[in-house]
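Novice: This one is work20.cif, mmCIF, N, CA and C atoms.
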data_upload
#
loop_
_atom_site.label_atom_id
_atom_site.label_comp_id
_atom_site.auth_asym_id
_atom_site.auth_seq_id
_atom_site.Cartn_x
_atom_site.Cartn_y
_atom_site.Cartn_z
N MET A 1 -30.51 27.18 4.69
CA MET A 1 -31.56 27.96 5.30
C MET A 1 -32.61 28.28 4.24
N HIS A 2 -33.83 28.28 4.65
CA HIS A 2 -34.94 28.61 3.78
C HIS A 2 -34.75 30.01 3.20
N GLU A 3 -35.02 30.18 1.91
CA GLU A 3 -34.78 31.46 1.24
C GLU A 3 -35.58 32.60 1.87
N GLN A 4 -36.82 32.34 2.29
CA GLN A 4 -37.64 33.39 2.90
C GLN A 4 -37.04 33.84 4.24
N ALA A 5 -36.56 32.89 5.04
CA ALA A 5 -35.94 33.24 6.32
C ALA A 5 -34.69 34.09 6.08
N HIS A 6 -33.91 33.73 5.06
CA HIS A 6 -32.72 34.49 4.69
C HIS A 6 -33.12 35.92 4.34
N SER A 7 -34.14 36.05 3.51
CA SER A 7 -34.63 37.35 3.09
C SER A 7 -35.18 38.16 4.27
N ASP A 8 -35.92 37.50 5.17
CA ASP A 8 -36.48 38.17 6.35
C ASP A 8 -35.37 38.76 7.22
N TYR A 9 -34.31 37.99 7.42
CA TYR A 9 -33.20 38.46 8.24
C TYR A 9 -32.54 39.68 7.60
N LEU A 10 -32.24 39.58 6.32
CA LEU A 10 -31.57 40.69 5.64
C LEU A 10 -32.46 41.93 5.61
N GLN A 11 -33.75 41.75 5.42
CA GLN A 11 -34.66 42.89 5.43
C GLN A 11 -34.67 43.55 6.81
N ALA A 12 -34.72 42.75 7.85
CA ALA A 12 -34.68 43.30 9.21
C ALA A 12 -33.34 43.99 9.47
N PHE A 13 -32.25 43.37 9.04
CA PHE A 13 -30.91 43.91 9.26
C PHE A 13 -30.74 45.27 8.56
N ARG A 14 -31.34 45.42 7.39
CA ARG A 14 -31.22 46.66 6.62
C ARG A 14 -32.29 47.68 6.96
N GLY A 15 -33.15 47.34 7.93
CA GLY A 15 -34.25 48.23 8.32
C GLY A 15 -33.78 49.42 9.13
N SER A 16 -34.72 50.08 9.74
CA SER A 16 -34.47 51.28 10.51
C SER A 16 -33.98 50.93 11.92
N PHE A 17 -32.94 51.60 12.37
CA PHE A 17 -32.36 51.37 13.69
C PHE A 17 -32.15 52.69 14.41
N THR A 18 -32.23 52.65 15.72
CA THR A 18 -32.03 53.82 16.56
C THR A 18 -30.83 53.57 17.46
N SER A 19 -29.99 54.58 17.61
CA SER A 19 -28.79 54.45 18.43
C SER A 19 -29.10 54.59 19.91
N ALA A 20 -28.43 53.79 20.71
CA ALA A 20 -28.38 54.01 22.15
C ALA A 20 -27.25 55.03 22.34
N LEU A 21 -27.60 56.30 22.15
CA LEU A 21 -26.59 57.35 22.02
C LEU A 21 -25.78 57.58 23.30
N ARG A 22 -26.45 57.63 24.40
CA ARG A 22 -25.78 57.88 25.68
C ARG A 22 -25.67 56.58 26.46
N TRP A 23 -24.75 56.55 27.41
CA TRP A 23 -24.54 55.32 28.19
C TRP A 23 -25.81 54.92 28.94
N HIS A 24 -26.58 55.88 29.44
CA HIS A 24 -27.80 55.51 30.15
C HIS A 24 -28.84 54.92 29.19
N HIS A 25 -28.81 55.30 27.91
CA HIS A 25 -29.68 54.67 26.91
C HIS A 25 -29.28 53.20 26.73
N LEU A 26 -27.98 52.96 26.72
CA LEU A 26 -27.49 51.58 26.61
C LEU A 26 -27.91 50.77 27.83
N ASP A 27 -27.79 51.36 29.01
CA ASP A 27 -28.23 50.67 30.23
C ASP A 27 -29.70 50.29 30.12
N ASP A 28 -30.53 51.21 29.61
CA ASP A 28 -31.96 50.93 29.45
C ASP A 28 -32.20 49.81 28.45
N LEU A 29 -31.43 49.80 27.34
CA LEU A 29 -31.57 48.75 26.34
C LEU A 29 -31.18 47.40 26.93
N TRP A 30 -30.05 47.35 27.63
CA TRP A 30 -29.63 46.09 28.26
C TRP A 30 -30.72 45.60 29.21
N ALA A 31 -31.32 46.52 29.98
CA ALA A 31 -32.38 46.13 30.93
C ALA A 31 -33.56 45.50 30.18
N ARG A 32 -33.93 46.07 29.05
CA ARG A 32 -35.02 45.49 28.24
C ARG A 32 -34.66 44.09 27.76
N LEU A 33 -33.44 43.92 27.30
CA LEU A 33 -33.00 42.61 26.80
C LEU A 33 -32.96 41.58 27.92
N ARG A 34 -32.58 42.00 29.11
CA ARG A 34 -32.49 41.09 30.25
C ARG A 34 -33.86 40.60 30.72
N GLU A 35 -34.92 41.35 30.38
CA GLU A 35 -36.27 40.97 30.78
C GLU A 35 -36.70 39.64 30.15
N ALA A 36 -36.21 39.35 28.95
CA ALA A 36 -36.57 38.11 28.24
C ALA A 36 -35.34 37.58 27.52
N PRO A 37 -34.42 36.93 28.27
CA PRO A 37 -33.14 36.52 27.68
C PRO A 37 -33.20 35.27 26.80
N GLU A 38 -34.32 34.57 26.81
CA GLU A 38 -34.42 33.35 25.99
C GLU A 38 -34.78 33.70 24.55
N GLY A 39 -34.27 32.91 23.61
CA GLY A 39 -34.67 33.06 22.21
C GLY A 39 -33.86 34.03 21.40
N TRP A 40 -32.74 34.49 21.93
CA TRP A 40 -31.88 35.42 21.20
C TRP A 40 -30.73 34.68 20.52
N TYR A 41 -30.52 34.97 19.26
CA TYR A 41 -29.33 34.51 18.54
C TYR A 41 -28.24 35.54 18.79
N VAL A 42 -27.05 35.07 19.13
CA VAL A 42 -25.90 35.94 19.33
C VAL A 42 -24.90 35.60 18.22
N TYR A 43 -24.79 36.52 17.26
CA TYR A 43 -23.98 36.28 16.07
C TYR A 43 -22.78 37.22 16.08
N ALA A 44 -21.59 36.66 16.11
CA ALA A 44 -20.36 37.42 15.96
C ALA A 44 -20.01 37.40 14.48
N VAL A 45 -20.17 38.53 13.83
CA VAL A 45 -19.95 38.63 12.40
C VAL A 45 -18.52 38.20 12.08
N GLY A 46 -18.39 37.32 11.12
CA GLY A 46 -17.07 36.79 10.77
C GLY A 46 -16.83 35.42 11.36
N HIS A 47 -17.67 35.00 12.28
CA HIS A 47 -17.61 33.67 12.87
C HIS A 47 -18.77 32.85 12.32
N ASP A 48 -18.84 31.59 12.70
CA ASP A 48 -19.95 30.75 12.25
C ASP A 48 -21.28 31.35 12.71
N VAL A 49 -22.24 31.24 11.83
CA VAL A 49 -23.59 31.72 12.15
C VAL A 49 -24.22 30.71 13.11
N PRO A 50 -24.75 31.18 14.24
CA PRO A 50 -25.35 30.23 15.19
C PRO A 50 -26.61 29.59 14.61
N ALA A 51 -26.74 28.30 14.80
CA ALA A 51 -27.90 27.56 14.30
C ALA A 51 -29.06 27.58 15.29
N VAL A 52 -28.74 27.84 16.54
CA VAL A 52 -29.77 27.87 17.59
C VAL A 52 -29.56 29.12 18.45
N PRO A 53 -30.62 29.57 19.10
CA PRO A 53 -30.45 30.72 20.00
C PRO A 53 -29.53 30.36 21.17
N ALA A 54 -28.91 31.38 21.72
CA ALA A 54 -28.11 31.19 22.93
C ALA A 54 -29.05 30.85 24.07
N SER A 55 -28.55 30.14 25.06
CA SER A 55 -29.36 29.92 26.26
C SER A 55 -29.51 31.26 26.97
N GLY A 56 -30.48 31.36 27.84
CA GLY A 56 -30.64 32.58 28.61
C GLY A 56 -29.38 32.94 29.37
N LYS A 57 -28.73 31.93 29.95
CA LYS A 57 -27.50 32.14 30.70
C LYS A 57 -26.38 32.67 29.78
N GLU A 58 -26.23 32.06 28.60
CA GLU A 58 -25.21 32.52 27.64
C GLU A 58 -25.49 33.96 27.20
N PHE A 59 -26.76 34.25 26.93
CA PHE A 59 -27.15 35.57 26.48
C PHE A 59 -26.82 36.63 27.54
N LEU A 60 -27.18 36.35 28.78
CA LEU A 60 -26.90 37.30 29.85
C LEU A 60 -25.39 37.48 30.07
N ALA A 61 -24.64 36.39 29.95
CA ALA A 61 -23.18 36.47 30.07
C ALA A 61 -22.61 37.32 28.93
N PHE A 62 -23.15 37.15 27.72
CA PHE A 62 -22.69 37.96 26.59
C PHE A 62 -22.96 39.44 26.87
N LEU A 63 -24.16 39.78 27.33
CA LEU A 63 -24.49 41.18 27.61
C LEU A 63 -23.51 41.76 28.63
N ASP A 64 -23.20 41.01 29.69
CA ASP A 64 -22.25 41.48 30.69
C ASP A 64 -20.89 41.74 30.08
N GLU A 65 -20.41 40.78 29.29
CA GLU A 65 -19.07 40.88 28.72
C GLU A 65 -18.97 41.97 27.65
N VAL A 66 -19.98 42.07 26.80
CA VAL A 66 -19.90 43.09 25.74
C VAL A 66 -20.06 44.48 26.35
N ASP A 67 -20.84 44.61 27.40
CA ASP A 67 -20.96 45.90 28.08
C ASP A 67 -19.61 46.32 28.65
N LYS A 68 -18.91 45.39 29.31
CA LYS A 68 -17.57 45.68 29.84
C LYS A 68 -16.63 46.10 28.72
N LEU A 69 -16.64 45.34 27.64
CA LEU A 69 -15.76 45.63 26.51
C LEU A 69 -16.04 47.02 25.95
N LEU A 70 -17.30 47.34 25.73
CA LEU A 70 -17.65 48.64 25.15
C LEU A 70 -17.20 49.78 26.07
N ARG A 71 -17.42 49.63 27.36
CA ARG A 71 -17.07 50.71 28.29
C ARG A 71 -15.56 50.87 28.45
N GLN A 72 -14.82 49.76 28.32
CA GLN A 72 -13.36 49.83 28.43
C GLN A 72 -12.73 50.37 27.15
N GLU A 73 -13.25 49.97 26.00
CA GLU A 73 -12.56 50.27 24.75
C GLU A 73 -13.15 51.43 23.96
N HIS A 74 -14.34 51.88 24.30
CA HIS A 74 -14.95 53.04 23.64
C HIS A 74 -14.89 54.19 24.63
N ASP A 75 -13.72 54.79 24.71
CA ASP A 75 -13.43 55.80 25.73
C ASP A 75 -14.01 57.16 25.32
N GLU A 76 -15.33 57.22 25.35
CA GLU A 76 -16.05 58.45 25.01
C GLU A 76 -17.10 58.70 26.09
N ASP A 77 -17.59 59.92 26.16
CA ASP A 77 -18.64 60.22 27.14
C ASP A 77 -20.03 59.86 26.60
N TYR A 78 -20.07 59.29 25.42
CA TYR A 78 -21.31 58.82 24.82
C TYR A 78 -21.09 57.40 24.32
N CYS A 79 -22.17 56.68 24.07
CA CYS A 79 -22.05 55.33 23.53
C CYS A 79 -22.10 55.42 22.01
N GLY A 80 -23.31 55.45 21.43
CA GLY A 80 -23.46 55.69 20.00
C GLY A 80 -22.99 54.59 19.07
N ILE A 81 -22.64 53.41 19.59
CA ILE A 81 -22.19 52.33 18.71
C ILE A 81 -23.04 51.08 18.86
N VAL A 82 -24.17 51.23 19.54
CA VAL A 82 -25.15 50.15 19.67
C VAL A 82 -26.47 50.67 19.13
N TYR A 83 -27.06 49.90 18.21
CA TYR A 83 -28.29 50.31 17.55
C TYR A 83 -29.32 49.20 17.68
N ALA A 84 -30.57 49.59 17.91
CA ALA A 84 -31.66 48.61 18.01
C ALA A 84 -32.78 48.99 17.05
N ASP A 85 -33.47 47.97 16.56
CA ASP A 85 -34.62 48.26 15.69
C ASP A 85 -35.71 48.97 16.49
N SER A 86 -35.74 48.78 17.80
CA SER A 86 -36.62 49.51 18.71
C SER A 86 -35.96 49.50 20.08
N LEU A 87 -35.80 50.68 20.66
CA LEU A 87 -35.19 50.74 21.99
C LEU A 87 -36.16 50.24 23.06
N ASP A 88 -37.47 50.30 22.77
CA ASP A 88 -38.49 49.87 23.73
C ASP A 88 -38.82 48.39 23.63
N ASP A 89 -38.81 47.85 22.42
CA ASP A 89 -39.18 46.45 22.20
C ASP A 89 -38.26 45.83 21.13
N PRO A 90 -36.98 45.69 21.46
CA PRO A 90 -36.01 45.27 20.45
C PRO A 90 -36.19 43.82 20.00
N ALA A 91 -35.98 43.60 18.70
CA ALA A 91 -35.94 42.26 18.13
C ALA A 91 -34.61 42.03 17.41
N MET A 92 -33.88 43.13 17.15
CA MET A 92 -32.55 43.04 16.54
C MET A 92 -31.71 44.19 17.08
N VAL A 93 -30.47 43.86 17.45
CA VAL A 93 -29.53 44.85 17.99
C VAL A 93 -28.20 44.67 17.27
N LYS A 94 -27.65 45.78 16.78
CA LYS A 94 -26.33 45.78 16.15
C LYS A 94 -25.35 46.44 17.12
N ILE A 95 -24.25 45.73 17.38
CA ILE A 95 -23.23 46.24 18.29
C ILE A 95 -21.94 46.38 17.49
N TYR A 96 -21.46 47.60 17.37
CA TYR A 96 -20.24 47.84 16.61
C TYR A 96 -19.03 47.71 17.51
N ASP A 97 -17.98 47.12 16.97
CA ASP A 97 -16.74 46.91 17.70
C ASP A 97 -16.00 48.24 17.81
N PRO A 98 -15.70 48.71 19.02
CA PRO A 98 -15.02 49.99 19.17
C PRO A 98 -13.66 50.06 18.48
N ASN A 99 -13.05 48.91 18.22
CA ASN A 99 -11.75 48.90 17.54
C ASN A 99 -11.86 48.72 16.04
N ASN A 100 -13.09 48.71 15.51
CA ASN A 100 -13.28 48.52 14.07
C ASN A 100 -14.51 49.29 13.62
N LEU A 101 -14.51 50.61 13.89
CA LEU A 101 -15.70 51.39 13.63
C LEU A 101 -15.85 51.85 12.19
N GLY A 102 -14.74 52.22 11.53
CA GLY A 102 -14.91 52.78 10.20
C GLY A 102 -15.82 53.99 10.31
N VAL A 103 -16.77 54.13 9.38
CA VAL A 103 -17.74 55.21 9.43
C VAL A 103 -19.09 54.59 9.74
N VAL A 104 -19.43 54.51 11.01
CA VAL A 104 -20.70 53.92 11.43
C VAL A 104 -21.83 54.92 11.19
N CYS A 105 -21.57 56.18 11.51
CA CYS A 105 -22.60 57.20 11.35
C CYS A 105 -22.62 57.70 9.92
N GLY A 106 -23.75 58.23 9.53
CA GLY A 106 -23.84 58.82 8.20
C GLY A 106 -24.22 57.80 7.15
N TYR A 107 -24.26 58.25 5.93
CA TYR A 107 -24.71 57.41 4.82
C TYR A 107 -23.51 56.82 4.09
N SER A 108 -23.65 55.60 3.68
CA SER A 108 -22.62 54.94 2.90
C SER A 108 -23.25 53.83 2.07
N ASP A 109 -22.75 53.65 0.86
CA ASP A 109 -23.23 52.54 0.03
C ASP A 109 -22.75 51.21 0.58
N ASN A 110 -21.66 51.24 1.33
CA ASN A 110 -21.08 50.02 1.88
C ASN A 110 -20.72 50.27 3.35
N PRO A 111 -21.74 50.40 4.22
CA PRO A 111 -21.43 50.69 5.62
C PRO A 111 -20.71 49.52 6.28
N PRO A 112 -19.93 49.80 7.33
CA PRO A 112 -19.23 48.72 8.01
C PRO A 112 -20.23 47.79 8.69
N LEU A 113 -19.84 46.55 8.78
CA LEU A 113 -20.69 45.58 9.49
C LEU A 113 -20.45 45.71 10.99
N PRO A 114 -21.48 45.43 11.76
CA PRO A 114 -21.27 45.43 13.21
C PRO A 114 -20.38 44.26 13.61
N GLY A 115 -19.87 44.31 14.82
CA GLY A 115 -19.09 43.19 15.35
C GLY A 115 -20.00 42.05 15.78
N TRP A 116 -21.18 42.43 16.32
CA TRP A 116 -22.12 41.43 16.83
C TRP A 116 -23.54 41.85 16.49
N VAL A 117 -24.38 40.86 16.24
CA VAL A 117 -25.80 41.12 16.01
C VAL A 117 -26.59 40.18 16.92
N LEU A 118 -27.50 40.77 17.68
CA LEU A 118 -28.44 40.00 18.50
C LEU A 118 -29.77 40.04 17.78
N SER A 119 -30.40 38.88 17.62
CA SER A 119 -31.67 38.88 16.90
C SER A 119 -32.57 37.76 17.37
N ARG A 120 -33.85 37.97 17.17
CA ARG A 120 -34.85 36.94 17.42
C ARG A 120 -35.02 36.07 16.18
N ILE A 121 -34.53 36.56 15.03
CA ILE A 121 -34.62 35.86 13.74
C ILE A 121 -33.31 35.10 13.54
N PRO A 122 -33.36 33.85 13.05
CA PRO A 122 -32.11 33.13 12.77
C PRO A 122 -31.23 33.94 11.80
N PRO A 123 -29.98 34.19 12.17
CA PRO A 123 -29.10 35.01 11.33
C PRO A 123 -28.58 34.29 10.10
N VAL A 124 -28.08 35.11 9.17
CA VAL A 124 -27.41 34.61 7.97
C VAL A 124 -26.01 35.19 7.96
N ASP A 125 -25.12 34.55 7.24
CA ASP A 125 -23.73 34.99 7.15
C ASP A 125 -23.68 36.34 6.43
N LEU A 126 -23.31 37.39 7.14
CA LEU A 126 -23.28 38.72 6.55
C LEU A 126 -22.01 38.96 5.74
N GLU A 127 -20.93 38.34 6.15
CA GLU A 127 -19.69 38.50 5.39
C GLU A 127 -18.71 37.41 5.79
N ALA A 128 -18.69 36.36 5.01
CA ALA A 128 -17.86 35.20 5.35
C ALA A 128 -16.37 35.50 5.31
N ASP A 129 -15.97 36.46 4.50
CA ASP A 129 -14.54 36.68 4.27
C ASP A 129 -13.92 37.78 5.12
N ARG A 130 -14.69 38.38 6.01
CA ARG A 130 -14.15 39.48 6.80
C ARG A 130 -13.08 38.96 7.76
N LEU A 131 -11.97 39.65 7.81
CA LEU A 131 -10.89 39.27 8.72
C LEU A 131 -11.16 39.88 10.09
N LEU A 132 -11.01 39.08 11.12
CA LEU A 132 -11.19 39.56 12.48
C LEU A 132 -9.85 39.62 13.18
N PRO A 133 -9.63 40.66 13.97
CA PRO A 133 -8.39 40.71 14.76
C PRO A 133 -8.34 39.53 15.72
N ASN A 134 -7.15 39.04 15.98
CA ASN A 134 -6.98 37.87 16.85
C ASN A 134 -7.53 38.10 18.25
N ASN A 135 -7.41 39.35 18.78
CA ASN A 135 -7.92 39.58 20.13
C ASN A 135 -9.43 39.39 20.18
N ARG A 136 -10.15 39.72 19.10
CA ARG A 136 -11.60 39.50 19.07
C ARG A 136 -11.91 38.02 18.91
N LYS A 137 -11.12 37.30 18.17
CA LYS A 137 -11.33 35.85 18.04
C LYS A 137 -11.17 35.18 19.40
N ARG A 138 -10.13 35.57 20.14
CA ARG A 138 -9.90 34.99 21.46
C ARG A 138 -11.03 35.36 22.42
N TRP A 139 -11.48 36.62 22.36
CA TRP A 139 -12.57 37.08 23.22
C TRP A 139 -13.82 36.26 22.96
N TRP A 140 -14.16 36.04 21.70
CA TRP A 140 -15.36 35.28 21.33
C TRP A 140 -15.21 33.82 21.75
N LYS A 141 -14.03 33.26 21.51
CA LYS A 141 -13.80 31.85 21.84
C LYS A 141 -13.91 31.63 23.35
N ARG A 142 -13.46 32.59 24.14
CA ARG A 142 -13.56 32.48 25.59
C ARG A 142 -15.03 32.45 26.02
N LEU A 143 -15.89 33.19 25.33
CA LEU A 143 -17.30 33.24 25.70
C LEU A 143 -18.08 32.01 25.21
N PHE A 144 -17.86 31.61 23.96
CA PHE A 144 -18.69 30.58 23.36
C PHE A 144 -17.90 29.37 22.86
N GLY A 145 -16.64 29.28 23.26
CA GLY A 145 -15.86 28.10 22.92
C GLY A 145 -15.60 28.02 21.48
#
Spit out the file's structure as structure tokens when you get a sec.
Specialist:
Amino acid sequence: MHEQAHSDYLQAFRGSFTSALRWHHLDDLWARLREAPEGWYVYAVGHDVPAVPASGKEFLAFLDEVDKLLRQEHDEDYCGIVYADSLDDPAMVKIYDPNNLGVVCGYSDNPPLPGWVLSRIPPVDLEADRLLPNNRKRWWKRLFG
């Protein structure tokens, strides 16, 4: 990958993000993403970095499945584990795995990586050596083979 593209992705990834704190905020974010489903990279951190954006159909299927997963496994009255660079006009979204949260909130020199990143920018490998639980590997494989 071109060094500038690599740098652009990391700069965007480390930029400012806003939480979809409540479930209705998440619903609003999903609605925004559904308005233009083409051109999104769907990156499961710890898996191969996608070389091309997901098709619109794949992207919409991912949103449906990850929404189900978050609502089933994040048994809270708030969401707070999905962050977007802009809730109104998102270009990058970080989705944290409810079973691997660590300390998502607050400051850390080494914050946990999200489970999935949606971006308009081609992604880079955020952590090649991270171990993923087998249930997440199976879940991802079922969606994207």
Novice: With all atoms listed in the file as the atoms that count, which of A:Gly46, A:Gly39, A:Pro98, A:Gly80 lies nearest to Ser119 of chain A?
Specialist: A:Gly39
Novice: Would you mind telling me which residue in A:Trp30, A:His25, A:Asp125, A:Tyr9 lies nearest to Val45 of chain A when using all atoms listed in the file?
Specialist: A:Asp125
Novice: Go ahead and compute the interatomic distance for atom CA of Glu3 of chain A and atom CA of Pro122 of chain A, in Å to one decimal.
Specialist: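 We find that atom CA of Glu3 of chain A and atom CA of Pro122 of chain A lie 12.0 Å from each other.
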Novice: Point out the residue among A:Arg22, A:Asp97, A:Lys141, A:Pro112 with the least atom-to-atom distance to Leu69 of chain A, counting only C-alpha atoms.
Specialist: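 Comparing A:Arg22, A:Asp97, A:Lys141, A:Pro112 against Leu69 of chain A, the winner is A:Asp97.
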Novice: Using only C-alpha atoms, find the one residue out of A:Ala31, A:Gly115, A:Gly15, A:Ser86 that sits nearest to Val66 of chain A.
Specialist: A:Gly115
Novice: So, with only C-alpha atoms as the atoms that count, which of A:Asp88, A:Glu35, A:Glu65, A:Glu73 lies closest to Ser19 of chain A?
Specialist: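 Closest to Ser19 of chain A, using only C-alpha atoms: A:Asp88.
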Novice: Pick from A:Trp139, A:Pro37, A:Ala12, A:Tyr43: nearest to Lys57 of chain A, with only N, CA and C atoms counted?
Specialist: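 Checking each of A:Trp139, A:Pro37, A:Ala12, A:Tyr43 against Lys57 of chain A, counting only N, CA and C atoms, the winner is A:Pro37.
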Novice: If the PyMOL selection byres (((chain A and resi 143 and name CA) around 10) and name CA) were run on this exact file, what residues would it hold? Put them as a PyMOL selection string.
Specialist: chain A and resi 58+61-62+65+138-142+144-145
Novice: As an exercise, work out the distance from atom CA of Val93 of chain A to atom CA of Arg32 of chain A in Å and give it to one decimal place.
Specialist: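 Result for atom CA of Val93 of chain A versus atom CA of Arg32 of chain A: 11.6 Å, one decimal.
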Novice: Distance atom CA of Arg120 of chain A-atom CA of Pro90 of chain A, one decimal place?
Specialist: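 Atom CA of Pro90 of chain A lies 8.9 Å from atom CA of Arg120 of chain A.
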Novice: Which neighbours of Tyr83 of chain A fall inside 8 Å, counting all atoms listed in the file, when residues of the same chain fewer than 4 positions from it are skipped, and could you give them as a list in words?
Specialist: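 After dropping sequence-adjacent residues, the list is Ser16, Phe17, Thr18, Ser19, Ala20, Leu21, Leu87, Met92, Val93, Lys94, Ile95 and Tyr96 of chain A.
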